[in-house]
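The next block is model38.txt, given as compact mmCIF, C-alpha atoms.
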```txt
# COMPACT_ATOMS: atom_id res chain seq x y z
CA PRO A 1 119.23 -16.99 128.17
CA GLU A 2 119.72 -20.29 126.34
CA GLU A 3 122.28 -21.51 128.88
CA HIS A 4 119.55 -21.23 131.52
CA LEU A 5 116.80 -22.83 129.41
CA ALA A 6 118.85 -25.84 128.30
CA PRO A 7 119.01 -27.66 131.68
CA LEU A 8 115.35 -26.88 132.35
CA ARG A 9 114.36 -28.39 129.00
CA ALA A 10 116.51 -31.43 129.73
CA ALA A 11 114.87 -31.93 133.12
CA ARG A 12 111.41 -31.68 131.58
CA ALA A 13 112.30 -34.12 128.80
CA SER A 14 113.48 -36.66 131.37
CA GLY A 15 110.43 -36.17 133.57
CA ARG A 16 112.49 -34.67 136.42
CA THR A 17 110.50 -31.47 136.85
CA GLY A 18 110.48 -31.48 140.65
CA VAL A 19 106.84 -30.36 140.63
CA PRO A 20 104.87 -32.22 143.35
CA GLY A 21 101.51 -31.91 141.59
CA GLN A 22 100.51 -31.09 138.04
CA ARG A 23 97.00 -29.93 138.93
CA ALA A 24 95.73 -27.62 141.65
CA ALA A 25 93.76 -29.22 144.48
CA LEU A 26 90.05 -28.45 144.42
CA PRO A 27 88.67 -26.72 147.54
CA ASP A 28 85.98 -28.51 149.52
CA ARG A 29 84.70 -25.41 151.29
CA GLU A 30 84.66 -21.66 150.76
CA ILE A 31 86.60 -19.34 153.03
CA VAL A 32 85.17 -15.81 152.98
CA PRO A 33 87.62 -13.04 153.97
CA GLY A 34 86.53 -11.24 157.12
CA GLU A 35 84.12 -13.94 158.22
CA LEU A 36 84.38 -16.54 160.98
CA LEU A 37 85.02 -20.10 159.85
CA ASP A 38 82.41 -22.74 160.57
CA LEU A 39 84.22 -24.10 163.61
CA PRO A 40 81.80 -24.70 166.51
CA GLY A 41 82.96 -23.37 169.83
CA ARG A 42 85.87 -21.33 168.42
CA ARG A 43 86.30 -17.88 166.89
CA LEU A 44 88.62 -18.31 163.91
CA ARG A 45 88.41 -15.47 161.39
CA ALA A 46 89.78 -15.58 157.84
CA LEU A 47 91.98 -12.70 156.71
CA TRP A 48 92.82 -12.36 153.02
CA THR A 49 96.52 -11.48 152.83
CA PRO A 50 97.60 -11.55 149.15
CA GLY A 51 101.27 -11.19 148.29
CA HIS A 52 103.14 -14.46 148.69
CA THR A 53 100.31 -15.93 146.62
CA PRO A 54 97.14 -14.18 145.39
CA GLY A 55 94.88 -16.35 147.53
CA HIS A 56 96.95 -16.48 150.73
CA VAL A 57 94.96 -16.24 153.95
CA CYS A 58 95.87 -15.90 157.60
CA LEU A 59 93.60 -17.21 160.35
CA HIS A 60 93.06 -15.12 163.48
CA LEU A 61 92.00 -17.02 166.58
CA GLU A 62 90.00 -14.35 168.39
CA GLU A 63 90.31 -15.86 171.84
CA ALA A 64 92.39 -14.76 174.80
CA HIS A 65 95.79 -16.41 174.86
CA PRO A 66 95.91 -18.60 177.98
CA VAL A 67 99.37 -17.35 179.05
CA LEU A 68 100.82 -14.54 176.97
CA GLU A 69 98.00 -12.01 177.19
CA ARG A 70 98.13 -11.94 181.01
CA ARG A 71 101.90 -11.55 180.93
CA GLN A 72 101.79 -8.84 178.28
CA ALA A 73 99.08 -6.95 180.15
CA ALA A 74 101.24 -6.99 183.29
CA GLU A 75 104.08 -5.48 181.26
CA GLY A 76 101.84 -2.78 179.80
CA ASP A 77 101.62 -4.33 176.34
CA THR A 78 98.54 -5.40 174.43
CA GLY A 79 97.89 -8.52 172.42
CA ARG A 80 94.80 -10.21 171.11
CA GLY A 81 94.53 -13.87 170.28
CA ARG A 82 96.79 -15.90 168.04
CA LEU A 83 97.50 -15.54 164.35
CA PHE A 84 98.11 -18.53 162.07
CA SER A 85 100.19 -16.54 159.60
CA GLY A 86 101.12 -19.17 157.01
CA ASP A 87 103.93 -17.80 154.82
CA HIS A 88 102.75 -14.21 155.18
CA LEU A 89 104.59 -13.31 158.37
CA LEU A 90 107.69 -15.28 159.41
CA PRO A 91 110.07 -14.53 162.29
CA GLU A 92 113.31 -14.30 160.26
CA ILE A 93 112.53 -14.97 156.60
CA SER A 94 111.17 -12.50 154.08
CA PRO A 95 108.74 -14.63 152.03
CA HIS A 96 109.05 -14.81 148.27
CA ILE A 97 106.91 -12.22 146.47
CA GLY A 98 106.64 -13.05 142.79
CA LEU A 99 104.17 -13.14 139.93
CA TYR A 100 101.28 -15.59 139.70
CA GLU A 101 99.28 -14.52 136.68
CA ASP A 102 96.77 -15.96 134.27
CA PRO A 103 98.35 -15.52 130.82
CA ASP A 104 94.88 -14.74 129.42
CA ASP A 105 94.28 -11.94 131.93
CA THR A 106 95.54 -8.50 130.87
CA THR A 107 95.27 -7.03 134.39
CA VAL A 108 98.58 -5.56 135.56
CA THR A 109 99.06 -6.82 139.08
CA ASP A 110 101.15 -5.38 141.93
CA PRO A 111 101.89 -8.36 144.21
CA LEU A 112 104.47 -6.50 146.31
CA GLY A 113 102.04 -3.65 146.89
CA ASP A 114 99.38 -6.20 147.87
CA TYR A 115 101.82 -7.82 150.28
CA LEU A 116 102.81 -4.55 151.96
CA ASP A 117 99.16 -3.58 152.40
CA SER A 118 98.42 -7.01 153.87
CA LEU A 119 101.29 -6.61 156.33
CA GLU A 120 99.80 -3.36 157.61
CA ARG A 121 96.46 -5.06 158.25
CA VAL A 122 98.13 -7.87 160.19
CA ALA A 123 100.14 -5.39 162.27
CA ALA A 124 96.93 -3.60 163.26
CA LEU A 125 95.64 -6.85 164.80
CA ALA A 126 98.60 -6.95 167.23
CA PRO A 127 98.10 -10.64 168.09
CA ALA A 128 99.62 -11.94 171.30
CA GLU A 129 101.38 -14.73 169.40
CA VAL A 130 102.09 -15.58 165.76
CA LEU A 131 102.15 -19.21 164.61
CA PRO A 132 103.85 -19.27 161.18
CA ALA A 133 104.24 -21.99 158.57
CA HIS A 134 108.04 -22.02 158.96
CA GLN A 135 110.57 -21.64 161.78
CA TYR A 136 108.95 -20.95 165.17
CA ALA A 137 106.17 -19.15 167.03
CA PHE A 138 106.92 -15.54 167.98
CA THR A 139 105.44 -12.38 169.48
CA ASP A 140 105.52 -8.68 168.52
CA ALA A 141 103.89 -8.95 165.11
CA PRO A 142 103.90 -5.14 164.64
CA GLY A 143 107.66 -5.06 165.19
CA ARG A 144 108.24 -7.82 162.68
CA VAL A 145 106.00 -6.03 160.16
CA ARG A 146 108.03 -2.82 160.59
CA ALA A 147 111.23 -4.77 159.90
CA LEU A 148 109.76 -6.27 156.71
CA LEU A 149 108.53 -2.88 155.50
CA ARG A 150 112.05 -1.48 155.99
CA HIS A 151 113.54 -4.48 154.19
CA HIS A 152 111.41 -4.00 151.10
CA GLU A 153 111.98 -0.24 151.01
CA GLU A 154 115.72 -0.85 151.15
CA ARG A 155 115.30 -3.49 148.43
CA LEU A 156 113.45 -1.04 146.21
CA SER A 157 116.08 1.64 146.78
CA GLY A 158 118.82 -0.84 145.88
CA LEU A 159 117.02 -1.73 142.65
CA LEU A 160 116.73 1.93 141.71
CA ALA A 161 120.49 2.26 142.03
CA LEU A 162 120.93 -0.70 139.67
CA LEU A 163 118.43 0.75 137.19
CA THR A 164 120.54 3.78 136.37
CA THR A 165 121.40 1.53 133.42
CA PRO A 166 118.40 -0.05 131.62
CA LEU A 167 118.06 -3.72 132.54
CA THR A 168 115.72 -6.58 131.75
CA PRO A 169 114.15 -8.35 134.75
CA TRP A 170 116.59 -11.21 134.16
CA ARG A 171 119.67 -8.98 134.21
CA LEU A 172 118.29 -7.15 137.23
CA ALA A 173 117.87 -10.44 139.11
CA GLU A 174 121.47 -11.35 138.25
CA ALA A 175 122.66 -8.08 139.82
CA MET A 176 120.49 -8.27 142.95
CA GLU A 177 121.76 -9.52 146.31
CA TRP A 178 120.49 -12.98 147.27
CA ASN A 179 121.33 -15.42 150.06
CA ARG A 180 124.06 -16.89 147.82
CA PRO A 181 125.99 -15.86 144.70
CA TRP A 182 123.97 -16.05 141.48
CA GLU A 183 126.23 -18.79 140.10
CA GLN A 184 125.28 -21.02 143.05
CA ILE A 185 121.51 -20.58 142.67
CA PRO A 186 119.89 -23.63 141.03
CA TYR A 187 118.37 -23.05 137.62
CA GLY A 188 114.81 -23.54 138.81
CA SER A 189 115.32 -21.11 141.68
CA ARG A 190 116.73 -18.51 139.30
CA THR A 191 113.33 -18.39 137.63
CA ILE A 192 111.79 -17.65 141.04
CA ALA A 193 114.38 -14.91 141.58
CA VAL A 194 113.48 -13.30 138.25
CA SER A 195 109.82 -13.41 139.26
CA GLU A 196 110.69 -11.57 142.48
CA ALA A 197 112.70 -8.97 140.55
CA GLU A 198 109.68 -8.45 138.28
CA ALA A 199 107.36 -8.00 141.29
CA HIS A 200 109.65 -5.27 142.65
CA LEU A 201 109.79 -3.65 139.22
CA ARG A 202 105.99 -3.59 139.11
CA ARG A 203 105.99 -1.76 142.44
CA LEU A 204 108.57 0.81 141.29
CA VAL A 205 106.62 1.47 138.09
CA LYS A 206 103.36 1.92 140.02
CA LEU A 207 105.09 4.38 142.37
CA GLY A 208 106.44 6.32 139.39
CA ARG A 209 110.04 5.57 140.35
CA ALA A 210 110.88 3.42 137.29
CA GLU A 211 109.56 2.93 133.78
CA ALA A 212 109.86 0.60 130.82
CA VAL A 213 112.16 1.82 128.06
CA PRO A 214 109.98 2.47 124.98
CA GLY A 215 110.71 0.16 122.08
CA SER A 216 113.03 -2.16 124.02
CA ASP A 217 112.82 -5.87 123.12
CA PRO A 218 113.09 -7.70 125.42
CA VAL A 219 111.68 -5.02 127.68
CA THR A 220 114.18 -3.14 129.82
CA TYR A 221 113.47 -0.84 132.75
CA GLN A 222 115.21 2.25 134.03
CA ALA A 223 114.94 4.52 137.06
CA VAL A 224 113.00 7.75 136.67
```
Show this structure as structure tokens.
Amino acid sequence: PEEHLAPLRAARASGRTGVPGQRAALPDREIVPGELLDLPGRRLRALWTPGHTPGHVCLHLEEAHPVLERRQAAEGDTGRGRLFSGDHLLPEISPHIGLYEDPDDTTVTDPLGDYLDSLERVAALAPAEVLPAHQYAFTDAPGRVRALLRHHEERLSGLLALLTTPLTPWRLAEAMEWNRPWEQIPYGSRTIAVSEAEAHLRRLVKLGRAEAVPGSDPVTYQAV
């Protein structure tokens, strides 16, 4: 809507975009999913975990935890190594899952589906400890994964209830529940919210639970 675009255009015209870098940083080494990193004396394996971003990776330190693994074994639990989980797995936050697409690429992506699949792979590792990019270190990665899977299934069910009436991704985002009322969400963050609504719509369409309304412009979606 124009009332949303106007302040964004004004910020861009004044140079106040809030973007820390205009160009992506160039990598200085290649990280191959499934392989050990070139780190002498350590076993640090790269795990490709797309979802939060297409190229997100976690790093699994395949070495016995000096404290937790002995304690967990005494309690009858299992745990293996430590997981540097980045933004993929956080103790209390559900990371943003949105769209990151090349406008010249016609591939229809499913970032939420990618994220859920990546969560399952991380749960299967059952690391003794998770070291995330935000908040604090925690244990019981499989339990946290189960909670996130439930969260997104509930989110999808809630969206289906909203889609009994055809909605654009923007109108759907307005109607969704966020951590604050829509009117209090900054304009730039609203764009991120719409991207997350679109990612959930992609998942519903792929599952055959929602569909685009033929001939709608802008495109609206409805539950099936």
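Going from CA of Thr168 (chain A) over to CA of Gly208 (chain A), you cover 17.6 Å.
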For region 67-133 of chain A against region 34-56 of chain A, with a cut-off of 10 Å and counting all atoms listed in the file, what is the closest atom pair and its distance in Å to one decimal for every residue that makes the cut, ordered by chain and number, as a Markdown table?
```
| residue | atom | partner | partner_atom | distance |
| --- | --- | --- | --- | --- |
| A:Gly81 | CA | A:Leu44 | CA | 9.8 |
| A:Arg82 | CA | A:Leu44 | CA | 9.5 |
| A:Leu83 | CA | A:Leu44 | CA | 9.3 |
| A:Phe84 | CA | A:Leu44 | CA | 9.7 |
| A:Ser85 | CA | A:Thr49 | CA | 9.2 |
| A:Gly86 | CA | A:His56 | CA | 8.0 |
| A:Asp87 | CA | A:His52 | CA | 7.0 |
| A:His88 | CA | A:His52 | CA | 6.5 |
| A:Leu89 | CA | A:His52 | CA | 9.9 |
| A:Ser94 | CA | A:His52 | CA | 9.9 |
| A:Pro95 | CA | A:His52 | CA | 6.5 |
| A:His96 | CA | A:His52 | CA | 5.9 |
| A:Ile97 | CA | A:His52 | CA | 4.9 |
| A:Gly98 | CA | A:His52 | CA | 7.0 |
| A:Leu99 | CA | A:Thr53 | CA | 8.2 |
| A:Tyr100 | CA | A:Thr53 | CA | 7.0 |
| A:Glu101 | CA | A:Pro54 | CA | 9.0 |
| A:Thr109 | CA | A:Pro54 | CA | 9.9 |
| A:Asp110 | CA | A:Gly51 | CA | 8.6 |
| A:Pro111 | CA | A:Gly51 | CA | 5.0 |
| A:Leu112 | CA | A:Gly51 | CA | 6.0 |
| A:Gly113 | CA | A:Gly51 | CA | 7.7 |
| A:Asp114 | CA | A:Gly51 | CA | 5.4 |
| A:Tyr115 | CA | A:Gly51 | CA | 4.0 |
| A:Leu116 | CA | A:Gly51 | CA | 7.7 |
| A:Asp117 | CA | A:Thr49 | CA | 8.3 |
| A:Ser118 | CA | A:Thr49 | CA | 5.0 |
| A:Leu119 | CA | A:Thr49 | CA | 7.7 |
| A:Glu120 | CA | A:Thr49 | CA | 10.0 |
| A:Arg121 | CA | A:Thr49 | CA | 8.4 |
| A:Val122 | CA | A:Thr49 | CA | 8.4 |
```
Quiz item: What is the CA of Ala124 (chain A) to CA of His60 (chain A) distance in Å?
Solution: 12.2 Å
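For the atom pair formed by CA of Thr191 (chain A) and CA of Pro103 (chain A), the distance is 16.7 Å, given to one decimal.
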Practice problem: Could you give me, as number ranges by chain, the residues within 9 Å of Gln135 (chain A), counting only C-alpha atoms and dropping anything in the same chain fewer than 2 positions from it? | Solution: A: 90-93, 132-133, 137
Kindly save the residues from that selection, with C-alpha atoms included, as a short mmCIF file (atom, residue, chain, number, x, y, z; two decimals), in the frame of the given file.
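File again-v9.cif, as written:
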```
data_model
loop_
_atom_site.label_atom_id
_atom_site.label_comp_id
_atom_site.auth_asym_id
_atom_site.auth_seq_id
_atom_site.Cartn_x
_atom_site.Cartn_y
_atom_site.Cartn_z
CA LEU A 90 107.69 -15.28 159.41
CA PRO A 91 110.07 -14.53 162.29
CA GLU A 92 113.31 -14.30 160.26
CA ILE A 93 112.53 -14.97 156.60
CA PRO A 132 103.85 -19.27 161.18
CA ALA A 133 104.24 -21.99 158.57
CA ALA A 137 106.17 -19.15 167.03
#
```
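For the residues A:Pro166, A:Gly188, A:Pro66, A:Pro27, ranking by smallest atom-to-atom distance to Arg9 (chain A) using all atoms listed in the file places A:Gly188 first.
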